[in-house]
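Asker: Can you read through this structure? Questions will come right after.
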Amino acid sequence: MTCYQELEKIKGVKLNFQHVPDNPQAAEQFNLMIASGKYPDIIEWNWLNFPGGPAKAIKDGVIIRLNEYIDGGKAPAFAKVLADHPEWRKMIATDEGDIYCFPFLRGNPGLQTFSGPFVRKDYLEKLGINDAPKTIDDWTAMLQKMKGQDLNGNGQQDEYGFTSWLFGEGQQPFQYAHAFVGAYGTTMGFYNNGGKVQYGPLDPAFKEFLALLAGWWKEGYIHPDTFTMDAKAFDAQMSNGNIGSGVMLVGSGVGRLTVLVRQKNADFKLQGVSYPSLKAGEKPAFGQMENAYPGGGSAAISSSCTNIEAALKVLDYPYSPEGHMLFNFGKEGAQYDLKDGYPKWRDEIVKPEKLPLAQSIAQHARSNFSGPFVQDIRYLEQYFALPEQLEAYKTWSDADHSRIMPPVTPTQDESRKFAKIMSEVNARLKEVFAKVVTGAEPVDTWDAFVAEMKSVGIEDAVAIQQAALERYLARK
């Protein structure tokens, strides 16, 4: 990778990388490494996921506290970044104030949002719908018009107004991006309501959200395979023109599917639309947004490191102005050129002949993934090959993100108890949610499930998150 080759030359070091497979093997390999007590000098990981959090990793002697080095002038570039952004320092410190990593940071709010609801714009044009849906009532009216219209022109009524797919193991198809539920002022998980932690499925408004979905399901607006649909099946449904709207990612969704489907249907148009609200002109209470510090791709110095100063030089450089450009865009004059101060990638990077764009960039920089540096939004402005992508991410960013939980760190005991409770809650939530939406159980069943969640300790889980939030807010 060009950025590390250049870093080696600039700092006069030789880096040896120990690569591990992708998840879930990565977690297994990480746990084996921790158990062995033999660590590489630098470990890149999501330390928020360490049992007991990063404070436990320091206490157990896995990684070292960095405050003395950062505040003592040994990492001047990173120290300046933290001084310029005190909110970032708060995110990457433990509750005791210990800094534990050189983090991956999203340097612009526009980089924190990358998914949301979409519609087939060409289908709306066929139906004479001039304005994209903005409210829940708009969505209901749109889905009603889509039903039974043979929009894909194959002579069959095989289209459905909405579907999504399971973005990850254990996920609900309506969980990712808070689509629709945010209109009711709640969400699918924990959120920070002015310093008070709440759990969305316990809110009375959550039942109203369920009633909406159950009504859509009963009317035949939602694809019947939605609760089992994986990415491959979703692609097939989109390619065949069977879906009128849904939720997707801006890169691997809007961008990839537009290129894929337009090969056989030149009229195919996707449009990212705003998160719906209940009232016209009202900003939705939730949208998809990651914290500026999402946790992953963050590098800590291990207790086994025998040359801490060299490790600090390597990790500090990407936060300098020169390192920032190198890790986001590659080498100037080779991968990009500065044009009126703007880093413009060369055509061989953004228009590769034999590689997908993501792989082309990844040969030289880390901007389209993660790592210990500050991500630059100018990469994204060039990464989106289609105007639809740029428009979608701007639209999805326009929501009220004030209630997302910051990167809190429960203690080891709290983590253990929380995991036990949520394992049981999530398993039943997935089951009951699907039954209520599909009509297998009436909506009023949810009241009994709320009582069931309380009986297995969901209020204790809320209390754990509350305690962690209060410690986070008290950080200096």
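Numbering starts fresh at 1 for the residues of each chain in the structure tokens, the chains themselves are lettered A, B, ... in the order given, and ligands are numbered from 1 as they appear.
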Please identify all polymer residues within 9 Å of Gly330 in chain A, counting only C-alpha atoms, omitting same-chain residues fewer than 5 positions from it, and present them as a list in words.

Answerer: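 My list of contacting residues is Met1, Thr2, Cys3, Glu6, Met325, Gln335, Tyr336, Trp345, Ile361, Gln363, His364, Ala365 and Arg366 of chain A.
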
Asker: Those same residues - N, CA and C atoms - I'd like them written as an mmCIF file, in the first residue's frame.

Answerer:
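After the write, again_0.cif holds the following:
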data_model
loop_
_atom_site.group_PDB
_atom_site.id
_atom_site.type_symbol
_atom_site.label_atom_id
_atom_site.label_comp_id
_atom_site.auth_asym_id
_atom_site.auth_seq_id
_atom_site.Cartn_x
_atom_site.Cartn_y
_atom_site.Cartn_z
ATOM 1 N N MET A 1 0.845 -1.187 0.000
ATOM 2 C CA MET A 1 0.000 0.000 0.000
ATOM 3 C C MET A 1 0.887 1.246 0.000
ATOM 4 N N THR A 2 0.639 2.144 -0.945
ATOM 5 C CA THR A 2 1.504 3.302 -1.137
ATOM 6 C C THR A 2 1.693 4.119 0.132
ATOM 7 N N CYS A 3 0.632 4.361 0.875
ATOM 8 C CA CYS A 3 0.754 5.228 2.055
ATOM 9 C C CYS A 3 1.746 4.668 3.067
ATOM 10 N N GLU A 6 5.442 4.886 1.637
ATOM 11 C CA GLU A 6 5.964 6.241 1.800
ATOM 12 C C GLU A 6 6.265 6.538 3.265
ATOM 13 N N MET A 325 -2.902 13.859 3.919
ATOM 14 C CA MET A 325 -3.071 13.748 2.469
ATOM 15 C C MET A 325 -2.628 12.379 1.977
ATOM 16 N N GLN A 335 -0.732 9.464 -7.373
ATOM 17 C CA GLN A 335 -2.148 9.096 -7.312
ATOM 18 C C GLN A 335 -3.076 10.315 -7.434
ATOM 19 N N TYR A 336 -2.596 11.479 -7.031
ATOM 20 C CA TYR A 336 -3.450 12.669 -7.098
ATOM 21 C C TYR A 336 -2.604 13.903 -7.403
ATOM 22 N N TRP A 345 -7.921 13.061 -7.581
ATOM 23 C CA TRP A 345 -7.359 11.779 -7.978
ATOM 24 C C TRP A 345 -7.169 11.715 -9.488
ATOM 25 N N ILE A 361 -8.433 2.303 -4.974
ATOM 26 C CA ILE A 361 -8.021 3.254 -3.939
ATOM 27 C C ILE A 361 -7.235 2.548 -2.843
ATOM 28 N N GLN A 363 -5.202 0.251 -2.868
ATOM 29 C CA GLN A 363 -3.801 -0.039 -3.169
ATOM 30 C C GLN A 363 -2.881 1.089 -2.704
ATOM 31 N N HIS A 364 -3.470 2.256 -2.467
ATOM 32 C CA HIS A 364 -2.649 3.433 -2.202
ATOM 33 C C HIS A 364 -2.994 4.170 -0.914
ATOM 34 N N ALA A 365 -4.259 4.149 -0.516
ATOM 35 C CA ALA A 365 -4.711 4.940 0.631
ATOM 36 C C ALA A 365 -5.735 4.150 1.434
ATOM 37 N N ARG A 366 -6.106 4.699 2.598
ATOM 38 C CA ARG A 366 -7.056 3.996 3.463
ATOM 39 C C ARG A 366 -8.381 4.739 3.601
#

Asker: Would you please extract all strand (DSSP E) residues from range 333-467 of chain A, as assigned by DSSP on the backbone, and give them as a compact mmCIF listing (two decimals) with N, CA and C atoms, in the first residue's frame?

Answerer:
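Below is the file that was written, selection01.txt:
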# COMPACT_ATOMS: atom_id res chain seq x y z
N TYR A 336 -2.60 11.48 -7.03
CA TYR A 336 -3.45 12.67 -7.10
C TYR A 336 -2.60 13.90 -7.40
N ASP A 337 -3.29 14.95 -7.83
CA ASP A 337 -2.67 16.25 -8.06
C ASP A 337 -3.49 17.31 -7.33
N LEU A 338 -2.82 18.32 -6.83
CA LEU A 338 -3.53 19.44 -6.20
C LEU A 338 -3.94 20.43 -7.27
N LYS A 339 -5.24 20.68 -7.37
CA LYS A 339 -5.77 21.63 -8.33
C LYS A 339 -6.56 22.69 -7.57
N TYR A 342 -7.29 21.58 -4.17
CA TYR A 342 -8.16 20.40 -4.03
C TYR A 342 -7.42 19.15 -4.51
N PRO A 343 -7.35 18.10 -3.68
CA PRO A 343 -6.67 16.86 -4.09
C PRO A 343 -7.51 16.06 -5.09
N LYS A 344 -7.13 16.13 -6.34
CA LYS A 344 -7.90 15.48 -7.41
C LYS A 344 -7.20 14.18 -7.80
N TRP A 345 -7.92 13.06 -7.58
CA TRP A 345 -7.36 11.78 -7.98
C TRP A 345 -7.17 11.71 -9.49
N VAL A 374 -7.44 10.68 10.19
CA VAL A 374 -8.69 11.44 10.10
C VAL A 374 -9.17 11.38 8.65
N GLN A 375 -10.33 10.82 8.45
CA GLN A 375 -10.89 10.66 7.10
C GLN A 375 -11.30 12.02 6.53

Asker: Please list as a list of chain:residue names every residue within 9 Å of Gly37 in chain A, counting only C-alpha atoms and excluding residues in the same chain fewer than 4 positions away.

Answerer: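 Those residues are A:Leu32, A:Met33, A:Val62, A:Ser304.
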
Asker: Once you count only C-alpha atoms, what closest atom pair and distance in Å to one decimal does each residue of range 83-192 of chain A within 12 Å of range 49-59 of chain A have, with rows by chain and rising residue number, as a tab-separated table?

Answerer:
residue	atom	partner	partner_atom	distance
A:Met91	CA	A:Pro54	CA	11.7
A:Ile92	CA	A:Pro54	CA	9.4
A:Ala93	CA	A:Pro54	CA	8.6
A:Thr94	CA	A:Ala55	CA	5.8
A:Asp95	CA	A:Ala55	CA	7.8
A:Glu96	CA	A:Ala55	CA	7.9
A:Gly97	CA	A:Ala55	CA	9.4
A:Asp98	CA	A:Ala55	CA	7.6
A:Ile99	CA	A:Pro54	CA	9.0
A:Tyr100	CA	A:Pro54	CA	6.8
A:Cys101	CA	A:Pro54	CA	9.0

Asker: Take the selection from the previous step and output its residues with N, CA and C atoms, as a PDB file, in the first residue's frame.

Answerer:
ATOM      1  N   MET A  91     -14.029  11.257  23.282  1.00  0.00           N
ATOM      2  CA  MET A  91     -14.479   9.982  22.727  1.00  0.00           C
ATOM      3  C   MET A  91     -13.425   8.889  22.854  1.00  0.00           C
ATOM      4  N   ILE A  92     -12.145   9.261  22.744  1.00  0.00           N
ATOM      5  CA  ILE A  92     -11.094   8.238  22.697  1.00  0.00           C
ATOM      6  C   ILE A  92     -10.401   8.044  24.041  1.00  0.00           C
ATOM      7  N   ALA A  93     -10.963   8.608  25.098  1.00  0.00           N
ATOM      8  CA  ALA A  93     -10.424   8.416  26.438  1.00  0.00           C
ATOM      9  C   ALA A  93     -11.308   7.448  27.211  1.00  0.00           C
ATOM     10  N   THR A  94     -10.721   6.810  28.202  1.00  0.00           N
ATOM     11  CA  THR A  94     -11.518   5.979  29.103  1.00  0.00           C
ATOM     12  C   THR A  94     -12.252   6.890  30.083  1.00  0.00           C
ATOM     13  N   ASP A  95     -13.103   6.299  30.891  1.00  0.00           N
ATOM     14  CA  ASP A  95     -13.810   7.093  31.899  1.00  0.00           C
ATOM     15  C   ASP A  95     -12.834   7.726  32.894  1.00  0.00           C
ATOM     16  N   GLU A  96     -11.632   7.125  33.020  1.00  0.00           N
ATOM     17  CA  GLU A  96     -10.609   7.666  33.923  1.00  0.00           C
ATOM     18  C   GLU A  96      -9.751   8.731  33.246  1.00  0.00           C
ATOM     19  N   GLY A  97      -9.997   8.965  31.947  1.00  0.00           N
ATOM     20  CA  GLY A  97      -9.234   9.981  31.223  1.00  0.00           C
ATOM     21  C   GLY A  97      -8.024   9.459  30.485  1.00  0.00           C
ATOM     22  N   ASP A  98      -7.836   8.143  30.452  1.00  0.00           N
ATOM     23  CA  ASP A  98      -6.681   7.558  29.774  1.00  0.00           C
ATOM     24  C   ASP A  98      -6.928   7.456  28.269  1.00  0.00           C
ATOM     25  N   ILE A  99      -6.008   8.001  27.477  1.00  0.00           N
ATOM     26  CA  ILE A  99      -6.070   7.838  26.023  1.00  0.00           C
ATOM     27  C   ILE A  99      -5.386   6.525  25.677  1.00  0.00           C
ATOM     28  N   TYR A 100      -6.026   5.728  24.863  1.00  0.00           N
ATOM     29  CA  TYR A 100      -5.555   4.360  24.641  1.00  0.00           C
ATOM     30  C   TYR A 100      -5.240   4.031  23.191  1.00  0.00           C
ATOM     31  N   CYS A 101      -5.536   4.942  22.250  1.00  0.00           N
ATOM     32  CA  CYS A 101      -5.326   4.584  20.846  1.00  0.00           C
ATOM     33  C   CYS A 101      -5.113   5.807  19.981  1.00  0.00           C
TER      34      CYS A 101
END

Asker: So which residues of range 222-404 of chain A fall under alpha helix (DSSP H) by DSSP, listed as a VMD selection string?

Answerer: chain A and resid 231 to 239 256 to 262 308 to 316 321 to 329 347 to 350 357 to 362 377 to 383 387 to 397

Asker: Give me the residues within 12 Å of Ile129 in chain A as a ChimeraX atom specification, counting only C-alpha atoms and dropping any in the same chain fewer than 3 places off.

Answerer: /A:119-126,132-133,138-139,141-146

Asker: Considering only C-alpha atoms, state which residue in the set A:Gly244, A:Pro201, A:Gly73, A:Trp88 is at the smallest distance from Asp158 in chain A.

Answerer: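 Once distances to Asp158 in chain A are computed over only C-alpha atoms, the minimum belongs to A:Gly244.
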
Asker: If we count only C-alpha atoms, what is near Leu15 in chain A at a cut-off of 12 Å, once residues fewer than 2 positions away on the same chain are taken out, given as a PyMOL selection string?

Answerer: chain A and resi 1+3-9+11-13+17-18+40-42+310-311+314-315
